[in-house]
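S.K.: See start_33.txt below, with compact mmCIF, C-alpha atoms.
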# COMPACT_ATOMS: atom_id res chain seq x y z
CA MET A 1 0.00 0.00 0.00
CA ALA A 2 2.96 2.34 0.22
CA LEU A 3 4.65 3.24 -3.04
CA PRO A 4 7.72 5.38 -3.42
CA LEU A 5 6.77 8.36 -5.57
CA ARG A 6 8.91 10.70 -7.57
CA GLY A 7 8.47 13.34 -4.88
CA GLY A 8 9.66 10.95 -2.20
CA ALA A 9 6.17 10.75 -0.71
CA ARG A 10 4.29 7.52 -0.08
CA PHE A 11 0.92 6.61 -1.47
CA ASP A 12 -1.69 6.77 1.27
CA PRO A 13 -5.06 5.79 -0.25
CA ARG A 14 -7.25 6.79 2.68
CA LEU A 15 -9.05 9.95 1.55
CA HIS A 16 -9.25 11.06 -2.09
CA LEU A 17 -10.71 14.36 -3.14
CA VAL A 18 -11.86 14.46 -6.77
CA VAL A 19 -11.80 17.99 -8.16
CA ASP A 20 -12.73 19.66 -11.43
CA PRO A 21 -10.59 22.82 -11.62
CA SER A 22 -12.83 24.28 -14.33
CA ALA A 23 -15.70 24.45 -11.82
CA ARG A 24 -14.14 27.11 -9.57
CA GLY A 25 -11.06 28.49 -11.32
CA PRO A 26 -7.40 28.39 -10.28
CA ALA A 27 -7.66 30.39 -7.04
CA GLY A 28 -10.83 28.68 -5.86
CA THR A 29 -9.43 25.26 -6.65
CA ALA A 30 -6.18 25.98 -4.82
CA ALA A 31 -8.08 27.21 -1.75
CA LEU A 32 -10.35 24.16 -1.76
CA VAL A 33 -7.45 21.76 -2.06
CA ARG A 34 -5.47 23.46 0.70
CA THR A 35 -8.43 23.21 3.03
CA ALA A 36 -9.09 19.60 2.13
CA VAL A 37 -5.48 18.62 2.76
CA ALA A 38 -5.57 20.41 6.11
CA GLY A 39 -8.60 18.28 6.94
CA GLY A 40 -6.89 15.00 6.10
CA VAL A 41 -7.21 14.41 2.36
CA THR A 42 -4.32 12.15 1.31
CA VAL A 43 -4.77 12.11 -2.50
CA VAL A 44 -6.21 14.59 -4.98
CA GLN A 45 -7.58 13.42 -8.30
CA MET A 46 -8.13 15.98 -11.05
CA ARG A 47 -11.13 15.10 -13.18
CA GLN A 48 -11.83 17.69 -15.86
CA LYS A 49 -13.58 16.49 -18.99
CA ASP A 50 -13.72 19.76 -20.94
CA GLY A 51 -11.01 22.16 -21.98
CA SER A 52 -8.02 22.00 -24.27
CA THR A 53 -5.02 19.84 -23.50
CA ARG A 54 -3.04 22.98 -22.74
CA GLU A 55 -5.65 24.07 -20.19
CA LEU A 56 -5.59 20.63 -18.59
CA VAL A 57 -1.81 20.65 -18.31
CA ASP A 58 -1.83 24.14 -16.82
CA ALA A 59 -4.50 23.17 -14.28
CA ALA A 60 -2.61 20.02 -13.31
CA ARG A 61 0.63 21.96 -12.93
CA ARG A 62 -1.05 24.39 -10.55
CA LEU A 63 -2.35 21.49 -8.46
CA VAL A 64 1.07 19.84 -8.36
CA ALA A 65 2.60 23.11 -7.17
CA GLU A 66 -0.06 23.33 -4.46
CA LEU A 67 0.15 19.71 -3.31
CA ARG A 68 3.80 18.75 -3.57
CA PRO A 69 4.96 20.77 -0.54
CA ALA A 70 2.30 18.93 1.50
CA GLY A 71 3.47 15.55 0.20
CA VAL A 72 0.05 14.83 -1.25
CA PRO A 73 0.04 13.18 -4.70
CA LEU A 74 -1.95 14.47 -7.66
CA ILE A 75 -3.60 11.85 -9.84
CA VAL A 76 -5.01 12.87 -13.22
CA ASN A 77 -8.19 11.23 -14.44
CA ASP A 78 -7.97 9.54 -17.85
CA ARG A 79 -5.12 11.58 -19.36
CA ALA A 80 -1.69 9.98 -19.02
CA ASP A 81 -0.24 12.61 -21.35
CA VAL A 82 -1.45 15.43 -19.12
CA ALA A 83 -0.12 13.67 -16.03
CA VAL A 84 3.35 13.24 -17.51
CA ALA A 85 3.50 16.77 -18.94
CA ALA A 86 2.42 18.30 -15.64
CA GLY A 87 4.70 16.16 -13.51
CA ALA A 88 1.77 14.66 -11.62
CA ASP A 89 2.07 11.51 -9.52
CA GLY A 90 -0.37 9.21 -11.24
CA VAL A 91 -3.32 8.49 -13.48
CA HIS A 92 -6.78 7.12 -12.74
CA VAL A 93 -8.53 5.29 -15.58
CA GLY A 94 -12.07 4.08 -16.00
CA GLN A 95 -13.38 1.27 -18.13
CA ASP A 96 -13.78 3.64 -21.12
CA ASP A 97 -10.27 5.01 -20.84
CA MET A 98 -6.98 3.50 -21.85
CA THR A 99 -6.23 0.16 -20.19
CA ALA A 100 -4.24 0.29 -16.97
CA ALA A 101 -1.45 -1.66 -18.66
CA ASP A 102 -1.17 0.96 -21.41
CA VAL A 103 -1.15 3.72 -18.80
CA ARG A 104 1.59 1.96 -16.86
CA ARG A 105 3.78 1.82 -19.96
CA ILE A 106 3.42 5.58 -20.41
CA VAL A 107 3.82 6.74 -16.82
CA GLY A 108 6.50 4.33 -15.61
CA ALA A 109 6.87 2.07 -12.63
CA GLN A 110 6.97 4.79 -9.96
CA ALA A 111 3.67 6.45 -10.76
CA ILE A 112 0.33 5.68 -9.09
CA VAL A 113 -2.20 3.99 -11.37
CA GLY A 114 -5.82 3.62 -10.30
CA LEU A 115 -8.62 1.75 -12.06
CA SER A 116 -12.38 2.06 -11.67
CA VAL A 117 -14.19 -1.23 -11.15
CA TRP A 118 -17.71 -2.22 -10.10
CA ALA A 119 -17.72 -5.94 -10.77
CA LEU A 120 -15.50 -8.80 -9.65
CA GLU A 121 -14.47 -9.78 -13.17
CA GLN A 122 -12.99 -6.31 -13.69
CA LEU A 123 -10.40 -7.10 -11.01
CA ALA A 124 -8.57 -9.27 -13.56
CA GLU A 125 -6.85 -6.13 -14.82
CA ALA A 126 -6.05 -4.90 -11.31
CA THR A 127 -2.83 -6.76 -10.70
CA PRO A 128 -0.15 -5.36 -8.37
CA GLY A 129 2.60 -3.66 -10.34
CA VAL A 130 0.08 -2.52 -12.94
CA VAL A 131 -2.63 -1.05 -10.71
CA ASP A 132 -1.97 0.53 -7.30
CA TYR A 133 -5.59 0.82 -6.20
CA VAL A 134 -9.08 0.24 -7.50
CA GLY A 135 -11.78 2.87 -7.31
CA VAL A 136 -14.88 0.88 -6.43
CA GLY A 137 -18.38 2.17 -6.99
CA PRO A 138 -20.63 3.91 -7.19
CA VAL A 139 -21.40 2.67 -3.69
CA PHE A 140 -24.54 4.78 -3.37
CA ALA A 141 -26.59 6.80 -5.85
CA THR A 142 -24.79 10.00 -6.78
CA THR A 143 -25.23 13.09 -8.89
CA GLY A 144 -21.49 13.63 -9.14
CA LYS A 145 -20.89 11.63 -12.29
CA SER A 146 -23.49 11.48 -15.02
CA ASP A 147 -22.37 8.23 -16.65
CA ALA A 148 -22.24 6.19 -13.46
CA VAL A 149 -23.49 2.63 -13.43
CA ALA A 150 -26.02 1.32 -10.89
CA PRO A 151 -24.94 1.56 -7.22
CA ILE A 152 -23.20 -1.55 -5.96
CA GLY A 153 -23.99 -0.96 -2.29
CA LEU A 154 -22.00 -1.99 0.75
CA ASP A 155 -22.27 -5.64 -0.27
CA GLY A 156 -20.63 -4.83 -3.58
CA VAL A 157 -17.78 -3.05 -1.82
CA ALA A 158 -17.35 -5.98 0.56
CA ALA A 159 -17.22 -8.55 -2.25
CA ILE A 160 -14.64 -6.59 -4.23
CA ALA A 161 -12.58 -5.77 -1.11
CA LEU A 162 -12.36 -9.47 -0.27
CA ALA A 163 -11.19 -10.35 -3.77
CA SER A 164 -8.91 -7.43 -4.57
CA ALA A 165 -5.13 -7.77 -4.49
CA VAL A 166 -4.73 -3.99 -4.30
CA PRO A 167 -6.21 -1.34 -1.97
CA VAL A 168 -9.88 -0.56 -2.47
CA VAL A 169 -11.01 3.07 -2.58
CA ALA A 170 -14.78 3.37 -2.44
CA ILE A 171 -16.50 6.17 -4.38
CA GLY A 172 -20.00 7.37 -5.08
CA GLY A 173 -22.42 9.04 -2.72
CA ILE A 174 -20.10 8.80 0.27
CA SER A 175 -20.88 11.26 3.08
CA VAL A 176 -19.80 11.93 6.64
CA GLU A 177 -22.87 9.96 7.72
CA ASN A 178 -22.20 6.75 5.78
CA ALA A 179 -18.37 6.80 5.61
CA ALA A 180 -17.81 4.52 8.60
CA SER A 181 -20.15 1.88 7.17
CA VAL A 182 -18.19 1.91 3.89
CA ALA A 183 -14.95 1.43 5.79
CA ARG A 184 -16.50 -1.39 7.80
CA ALA A 185 -17.45 -3.05 4.50
CA GLY A 186 -13.74 -3.31 3.75
CA ALA A 187 -12.73 -0.12 1.94
CA ASP A 188 -9.13 0.96 2.49
CA GLY A 189 -9.98 4.47 1.41
CA LEU A 190 -12.79 6.79 0.40
CA ALA A 191 -13.07 9.12 -2.56
CA VAL A 192 -15.46 12.04 -2.43
CA ILE A 193 -16.52 14.99 -4.50
CA SER A 194 -19.55 16.76 -3.10
CA ALA A 195 -19.05 15.67 0.53
CA ILE A 196 -16.16 18.15 0.56
CA VAL A 197 -16.70 20.37 -2.47
CA SER A 198 -20.32 21.20 -1.67
CA SER A 199 -19.83 21.37 2.07
CA ALA A 200 -20.39 24.63 3.89
CA ASP A 201 -17.33 23.76 5.97
CA ALA A 202 -14.91 21.77 3.83
CA LEU A 203 -12.33 21.54 6.60
CA ALA A 204 -14.79 20.06 9.08
CA SER A 205 -16.18 17.68 6.47
CA ALA A 206 -12.76 16.38 5.46
CA THR A 207 -11.80 15.94 9.10
CA ALA A 208 -15.03 14.08 9.84
CA LEU A 209 -14.66 11.83 6.79
CA ARG A 210 -11.13 10.94 7.82
CA GLN A 211 -12.27 10.21 11.38
CA ALA A 212 -15.21 8.09 10.21
CA LEU A 213 -12.88 6.13 7.95
CA GLU A 214 -10.44 5.45 10.78
CA ASP A 215 -13.30 4.43 13.09
CA GLY A 216 -14.80 2.11 10.51
CA ARG A 217 -11.46 0.57 9.56
CA GLY A 218 -10.69 -0.05 13.23
CA VAL A 219 -13.92 -2.00 13.56
CA ALA A 220 -13.25 -3.86 10.31
CA ALA A 221 -9.71 -4.75 11.39
CA GLY A 222 -11.04 -5.92 14.77
CA ALA A 223 -13.67 -8.07 13.09
CA ARG A 224 -11.04 -9.60 10.77
CA GLY A 225 -8.37 -10.06 13.43
CA MET B 226 13.59 15.78 -43.50
CA ALA B 227 14.09 12.05 -43.12
CA LEU B 228 13.70 10.64 -39.66
CA PRO B 229 14.26 7.06 -38.65
CA LEU B 230 11.00 5.76 -37.24
CA ARG B 231 10.30 2.81 -35.00
CA GLY B 232 8.95 0.94 -38.02
CA GLY B 233 12.14 1.56 -39.95
CA ALA B 234 10.32 3.89 -42.32
CA ARG B 235 11.39 7.43 -43.10
CA PHE B 236 9.34 10.55 -42.63
CA ASP B 237 8.24 11.88 -45.98
CA PRO B 238 6.20 15.05 -45.36
CA ARG B 239 4.85 15.46 -48.88
CA LEU B 240 1.17 14.52 -48.68
CA HIS B 241 -0.73 14.27 -45.39
CA LEU B 242 -4.26 12.96 -45.16
CA VAL B 243 -6.13 14.09 -42.05
CA VAL B 244 -8.87 11.63 -41.10
CA ASP B 245 -11.55 11.41 -38.42
CA PRO B 246 -12.27 7.69 -37.97
CA SER B 247 -15.56 8.45 -36.19
CA ALA B 248 -16.93 9.97 -39.41
CA ARG B 249 -17.02 6.72 -41.42
CA GLY B 250 -16.34 3.86 -39.01
CA PRO B 251 -13.51 1.32 -38.98
CA ALA B 252 -14.12 -0.33 -42.36
CA GLY B 253 -14.80 2.92 -44.18
CA THR B 254 -11.73 4.55 -42.65
CA ALA B 255 -9.51 1.63 -43.58
CA ALA B 256 -10.77 1.66 -47.16
CA LEU B 257 -10.26 5.42 -47.45
CA VAL B 258 -6.73 5.25 -46.07
CA ARG B 259 -5.77 2.35 -48.35
CA THR B 260 -6.99 4.26 -51.38
CA ALA B 261 -5.24 7.44 -50.31
CA VAL B 262 -1.93 5.64 -49.79
CA ALA B 263 -2.26 4.01 -53.18
CA GLY B 264 -2.66 7.52 -54.60
CA GLY B 265 0.50 8.84 -52.97
CA VAL B 266 -0.37 9.93 -49.43
CA THR B 267 2.84 9.75 -47.36
CA VAL B 268 1.49 10.51 -43.86
CA VAL B 269 -1.87 9.97 -42.17
CA GLN B 270 -2.94 12.13 -39.26
CA MET B 271 -5.81 10.95 -37.10
CA ARG B 272 -7.86 13.86 -35.80
CA GLN B 273 -10.84 12.76 -33.73
CA LYS B 274 -12.11 15.17 -31.10
CA ASP B 275 -14.94 13.11 -29.64
CA GLY B 276 -15.00 9.64 -28.18
CA SER B 277 -13.50 8.01 -25.12
CA THR B 278 -9.79 7.47 -24.77
CA ARG B 279 -10.35 3.75 -25.29
CA GLU B 280 -12.16 4.43 -28.58
CA LEU B 281 -9.34 6.72 -29.70
CA VAL B 282 -6.70 4.11 -28.90
CA ASP B 283 -8.66 1.42 -30.72
CA ALA B 284 -9.11 3.63 -33.78
CA ALA B 285 -5.42 4.54 -33.82
CA ARG B 286 -4.41 0.89 -33.48
CA ARG B 287 -6.53 -0.02 -36.49
CA LEU B 288 -4.88 2.73 -38.53
CA VAL B 289 -1.40 1.61 -37.47
CA ALA B 290 -2.23 -1.94 -38.54
CA GLU B 291 -3.43 -0.62 -41.90
CA LEU B 292 -0.52 1.76 -42.53
CA ARG B 293 2.54 0.02 -41.15
CA PRO B 294 2.80 -2.59 -43.94
CA ALA B 295 2.79 0.30 -46.41
CA GLY B 296 5.53 2.12 -44.49
CA VAL B 297 3.28 5.13 -43.98
CA PRO B 298 3.42 6.73 -40.52
CA LEU B 299 0.37 7.49 -38.41
CA ILE B 300 0.41 10.76 -36.51
CA VAL B 301 -2.19 11.36 -33.78
CA ASN B 302 -3.59 14.84 -33.34
CA ASP B 303 -3.26 16.32 -29.83
CA ARG B 304 -3.11 13.08 -27.81
CA ALA B 305 0.40 11.89 -27.00
CA ASP B 306 -1.05 9.25 -24.67
CA VAL B 307 -3.16 7.76 -27.45
CA ALA B 308 -0.18 7.80 -29.83
CA VAL B 309 2.06 5.93 -27.40
CA ALA B 310 -0.62 3.43 -26.37
CA ALA B 311 -1.48 2.66 -30.00
CA GLY B 312 2.12 2.43 -31.16
CA ALA B 313 1.65 5.30 -33.60
CA ASP B 314 4.58 7.14 -35.16
CA GLY B 315 4.00 10.65 -33.96
CA VAL B 316 1.84 13.45 -32.58
CA HIS B 317 0.62 16.69 -34.08
CA VAL B 318 -0.12 19.53 -31.68
CA GLY B 319 -1.84 22.86 -32.15
CA GLN B 320 -1.43 26.03 -30.17
CA ASP B 321 -4.14 24.92 -27.69
CA ASP B 322 -2.60 21.51 -27.12
CA MET B 323 0.38 20.48 -25.05
CA THR B 324 3.61 22.23 -26.04
CA ALA B 325 5.78 20.41 -28.59
CA ALA B 326 8.53 20.16 -25.99
CA ASP B 327 6.18 18.38 -23.56
CA VAL B 328 5.06 16.04 -26.34
CA ARG B 329 8.67 15.25 -27.25
CA ARG B 330 9.38 14.23 -23.65
CA ILE B 331 6.47 11.79 -23.74
CA VAL B 332 6.96 10.26 -27.18
CA GLY B 333 10.74 10.07 -27.33
CA ALA B 334 13.38 11.13 -29.80
CA GLN B 335 12.34 8.77 -32.61
CA ALA B 336 8.73 9.89 -32.97
CA ILE B 337 7.46 12.50 -35.42
CA VAL B 338 6.24 15.71 -33.77
CA GLY B 339 4.33 18.31 -35.77
CA LEU B 340 3.20 21.75 -34.67
CA SER B 341 0.52 24.02 -36.14
CA VAL B 342 1.67 27.60 -36.78
CA TRP B 343 0.25 30.56 -38.66
CA ALA B 344 2.56 33.37 -37.61
CA LEU B 345 6.32 33.83 -37.73
CA GLU B 346 6.70 34.24 -33.97
CA GLN B 347 5.21 30.76 -33.44
CA LEU B 348 8.26 29.29 -35.18
CA ALA B 349 10.27 29.93 -32.00
CA GLU B 350 8.94 26.63 -30.67
CA ALA B 351 9.64 24.79 -33.93
CA THR B 352 13.28 23.89 -33.40
CA PRO B 353 14.80 20.80 -35.02
CA GLY B 354 14.97 17.94 -32.55
CA VAL B 355 11.75 19.09 -30.91
CA VAL B 356 9.54 19.60 -33.97
CA ASP B 357 9.88 17.62 -37.20
CA TYR B 358 7.53 19.73 -39.32
CA VAL B 359 5.18 22.65 -39.00
CA GLY B 360 1.60 22.53 -40.22
CA VAL B 361 1.09 25.99 -41.72
CA GLY B 362 -2.30 27.49 -42.31
CA PRO B 363 -5.10 27.73 -42.95
CA VAL B 364 -3.79 28.76 -46.36
CA PHE B 365 -7.26 29.30 -47.77
CA ALA B 366 -10.71 29.50 -46.22
CA THR B 367 -11.92 26.07 -45.17
CA THR B 368 -14.89 24.36 -43.65
CA GLY B 369 -12.77 21.47 -42.41
CA LYS B 370 -11.92 22.89 -39.02
CA SER B 371 -14.35 25.09 -37.14
CA ASP B 372 -11.87 26.88 -34.88
CA ALA B 373 -9.51 27.90 -37.68
CA VAL B 374 -7.92 31.34 -37.65
CA ALA B 375 -8.04 33.70 -40.65
CA PRO B 376 -6.44 32.36 -43.84
CA ILE B 377 -2.80 33.31 -44.23
CA GLY B 378 -2.70 32.99 -48.01
CA LEU B 379 0.20 32.04 -50.23
CA ASP B 380 2.20 35.01 -48.93
CA GLY B 381 1.84 33.69 -45.41
CA VAL B 382 3.07 30.27 -46.48
CA ALA B 383 6.02 31.83 -48.30
CA ALA B 384 7.06 33.94 -45.31
CA ILE B 385 6.94 30.99 -42.90
CA ALA B 386 8.65 28.65 -45.38
CA LEU B 387 11.54 31.10 -45.73
CA ALA B 388 11.96 31.36 -41.95
CA SER B 389 11.30 27.77 -40.88
CA ALA B 390 14.12 25.45 -39.84
CA VAL B 391 11.88 22.42 -40.33
CA PRO B 392 9.74 21.22 -43.26
CA VAL B 393 6.57 23.19 -43.92
CA VAL B 394 3.33 21.32 -44.54
CA ALA B 395 0.58 23.63 -45.76
CA ILE B 396 -3.02 22.99 -44.71
CA GLY B 397 -6.40 24.57 -45.15
CA GLY B 398 -8.53 24.69 -48.29
CA ILE B 399 -5.94 22.96 -50.45
CA SER B 400 -7.34 21.38 -53.61
CA VAL B 401 -6.07 19.75 -56.76
CA GLU B 402 -6.53 23.13 -58.45
CA ASN B 403 -4.44 25.24 -56.05
CA ALA B 404 -1.92 22.64 -54.83
CA ALA B 405 0.85 23.58 -57.26
CA SER B 406 0.63 27.24 -56.25
CA VAL B 407 1.03 26.28 -52.59
CA ALA B 408 4.10 24.22 -53.43
CA ARG B 409 5.53 27.08 -55.46
CA ALA B 410 5.07 29.32 -52.43
CA GLY B 411 7.55 27.08 -50.63
CA ALA B 412 5.58 24.29 -48.97
CA ASP B 413 7.46 21.01 -48.60
CA GLY B 414 4.21 19.15 -48.20
CA LEU B 415 0.44 19.48 -48.29
CA ALA B 416 -2.16 18.31 -45.79
CA VAL B 417 -5.73 17.79 -46.91
CA ILE B 418 -9.02 16.57 -45.56
CA SER B 419 -11.90 17.18 -47.95
CA ALA B 420 -9.80 17.21 -51.14
CA ILE B 421 -9.50 13.46 -50.64
CA VAL B 422 -12.21 12.56 -48.13
CA SER B 423 -15.02 14.29 -50.01
CA SER B 424 -13.75 13.42 -53.47
CA ALA B 425 -15.84 11.20 -55.72
CA ASP B 426 -12.58 9.54 -56.76
CA ALA B 427 -10.18 9.60 -53.81
CA LEU B 428 -7.49 7.71 -55.70
CA ALA B 429 -7.48 10.16 -58.58
CA SER B 430 -7.54 13.14 -56.22
CA ALA B 431 -4.62 11.88 -54.16
CA THR B 432 -2.65 11.14 -57.30
CA ALA B 433 -3.39 14.58 -58.74
CA LEU B 434 -2.46 16.32 -55.46
CA ARG B 435 0.83 14.48 -55.35
CA GLN B 436 1.56 15.36 -58.99
CA ALA B 437 0.66 19.02 -58.45
CA LEU B 438 2.94 19.15 -55.42
CA GLU B 439 5.85 17.68 -57.36
CA ASP B 440 5.25 20.09 -60.27
CA GLY B 441 5.08 23.08 -57.95
CA ARG B 442 8.13 22.06 -55.95
CA GLY B 443 10.10 21.55 -59.16
CA VAL B 444 9.32 25.12 -60.19
CA ALA B 445 10.12 26.40 -56.68
CA ALA B 446 13.44 24.54 -56.63
CA GLY B 447 14.24 25.90 -60.10
CA ALA B 448 13.46 29.43 -58.98
CA ARG B 449 15.63 29.04 -55.87
CA GLY B 450 18.49 27.29 -57.64
Could I get this file's structure written as structure tokens?
M.R.:
Amino acid sequence: MALPLRGGARFDPRLHLVVDPSARGPAGTAALVRTAVAGGVTVVQMRQKDGSTRELVDAARRLVAELRPAGVPLIVNDRADVAVAAGADGVHVGQDDMTAADVRRIVGAQAIVGLSVWALEQLAEATPGVVDYVGVGPVFATTGKSDAVAPIGLDGVAAIALASAVPVVAIGGISVENAASVARAGADGLAVISAIVSSADALASATALRQALEDGRGVAAGARG
Amino acid sequence: MALPLRGGARFDPRLHLVVDPSARGPAGTAALVRTAVAGGVTVVQMRQKDGSTRELVDAARRLVAELRPAGVPLIVNDRADVAVAAGADGVHVGQDDMTAADVRRIVGAQAIVGLSVWALEQLAEATPGVVDYVGVGPVFATTGKSDAVAPIGLDGVAAIALASAVPVVAIGGISVENAASVARAGADGLAVISAIVSSADALASATALRQALEDGRGVAAGARG
């Protein structure tokens, strides 16, 4: 679960914030990310579907500059070229993106590669050395991603967590209220958008999500041990 | 002007066909490209703006499989990640894409990198070793690309051709009728979309474009020499 990164940091999959820099501009995005990291976010994923490649690279570079001093990796959704050009730490791919193996060839052995899965058979591609974590979901119904498949629920998370050879990061409709239950189902980490981005107090929400995750994982570890 | 490629072929910038595989599907695209190569096309550039990354990689792979036996390189517009994943021969970037220097770092020294320019000051980025050719235009008004800048005309081509350290490939509204004049203005190559794609006889059009280019370049070389 701990990978050496280019920046010397280690990959801690516990709390991912997924951000679209085009939604709030450079200054707003930087402020949001700073707050989220202060609250315990351990990974930031940039997911911006519109904009030119140059805009994407510029946005990713700004995030790297913001995150690197804090030792928090930036993962770019879909675009391995943008990740390499911006000096980001990894790439997250979905089932409609490039395969994880293709991404790995582009970004090299040190980078973080994540893969979205929602069914057990999709774990076949998620082998250690190729994939560093799987993004599993949507756990619950969500408005955050328009093309999401049907929610897999806590049972779905549990089944994939049992079978996965790499850390499981649950995503989709995760809130402060349900975070501990997701961790208890076996998630190693949580990924959120609106639970932090749309929160009136992003710092408090990030802190609470991190705490709920730790609480839930403690219970899960106790139940396993 | 001649680069060693991965496939052992050499880069011949004379006649580029720009294709969007989503416009006619896999079989139609393969047939078009085969005909165009038979008519004298020396480079194919894939320019598809829509579709998932996986679709883009699949389309590029099909084109590589079609072109490699003929020794004709495939260049992917904008997406260095797609080019690398598909095993294509190069990347063409515009002013809104990644910089040519960033592309070069991703694709390596052997790949072909092209850059769109329409003004002399944009040649600053087009240094040998980073950029293998510049795409210059639009020469004439065109309906082929919606975000095109104002036509630069034959004078614009001539000015850039005089100043460029790398081969100049003219693009934008080029037809069988005007191709020789573009070559006489100093273009080393021509890039077309509709002159071949929308032609009732793509083979004849490609052949005629190639012949017009050679005629015009012969005159240009005679005038220079």
S.K.: At what distance in Å, to one decimal, does CA of Ser52 in chain A lie from CA of Val72 in chain A?
M.R.: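 Going from CA of Val72 in chain A over to CA of Ser52 in chain A covers 25.4 Å.
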S.K.: Can you work out which residues from chain A touch chain B at a cut-off of 6 Å (counting only C-alpha atoms) and hand them back as a list in words?
M.R.: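 Selected residues: Ser52, Thr53, Arg54, Ala80, Asp81, Ala85, Asp96, Asp97, Met98 and Asp102 of chain A.
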S.K.: Excluding same-chain residues fewer than 4 positions from Pro246 in chain B, what lies within 9 Å of it counting all atoms listed in the file, as an NGL selection string?
M.R.: :B and (250-251 or 253-255 or 271-273 or 281 or 284-285 or 288)
S.K.: Which distance in Å separates CA of Asp413 in chain B and CA of Ala395 in chain B, to one decimal?
M.R.: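 Computed distance, CA of Asp413 in chain B to CA of Ala395 in chain B, equals 7.9 Å.
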S.K.: Can you measure CA of Leu340 in chain B to CA of Val359 in chain B for me? One decimal in Å is fine.
M.R.: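 Interatomic distance, CA of Leu340 in chain B to CA of Val359 in chain B: 4.8 Å.
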S.K.: Can you tell me, as JSON, numbers by chain, what residues are no more than 6 Å from Phe140 in chain A when counting all atoms listed in the file, ignoring any on the same chain fewer than 4 positions away?
M.R.: {"A": [151, 153, 172, 173]}
S.K.: Just checking: using all atoms listed in the file, which residue out of A:Ile171, A:Ala159, A:Ala150, A:Leu123 ends up closest to Ile193 in chain A?
M.R.: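 Closest residue, counting all atoms listed in the file: A:Ile171.
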S.K.: Point out the residue among A:Ala119, A:Val169, A:Ala111, A:Val176 with the least atom-to-atom distance to Gly156 in chain A, counting all atoms listed in the file.
M.R.: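 Closest to Gly156 in chain A, using all atoms listed in the file: A:Ala119.
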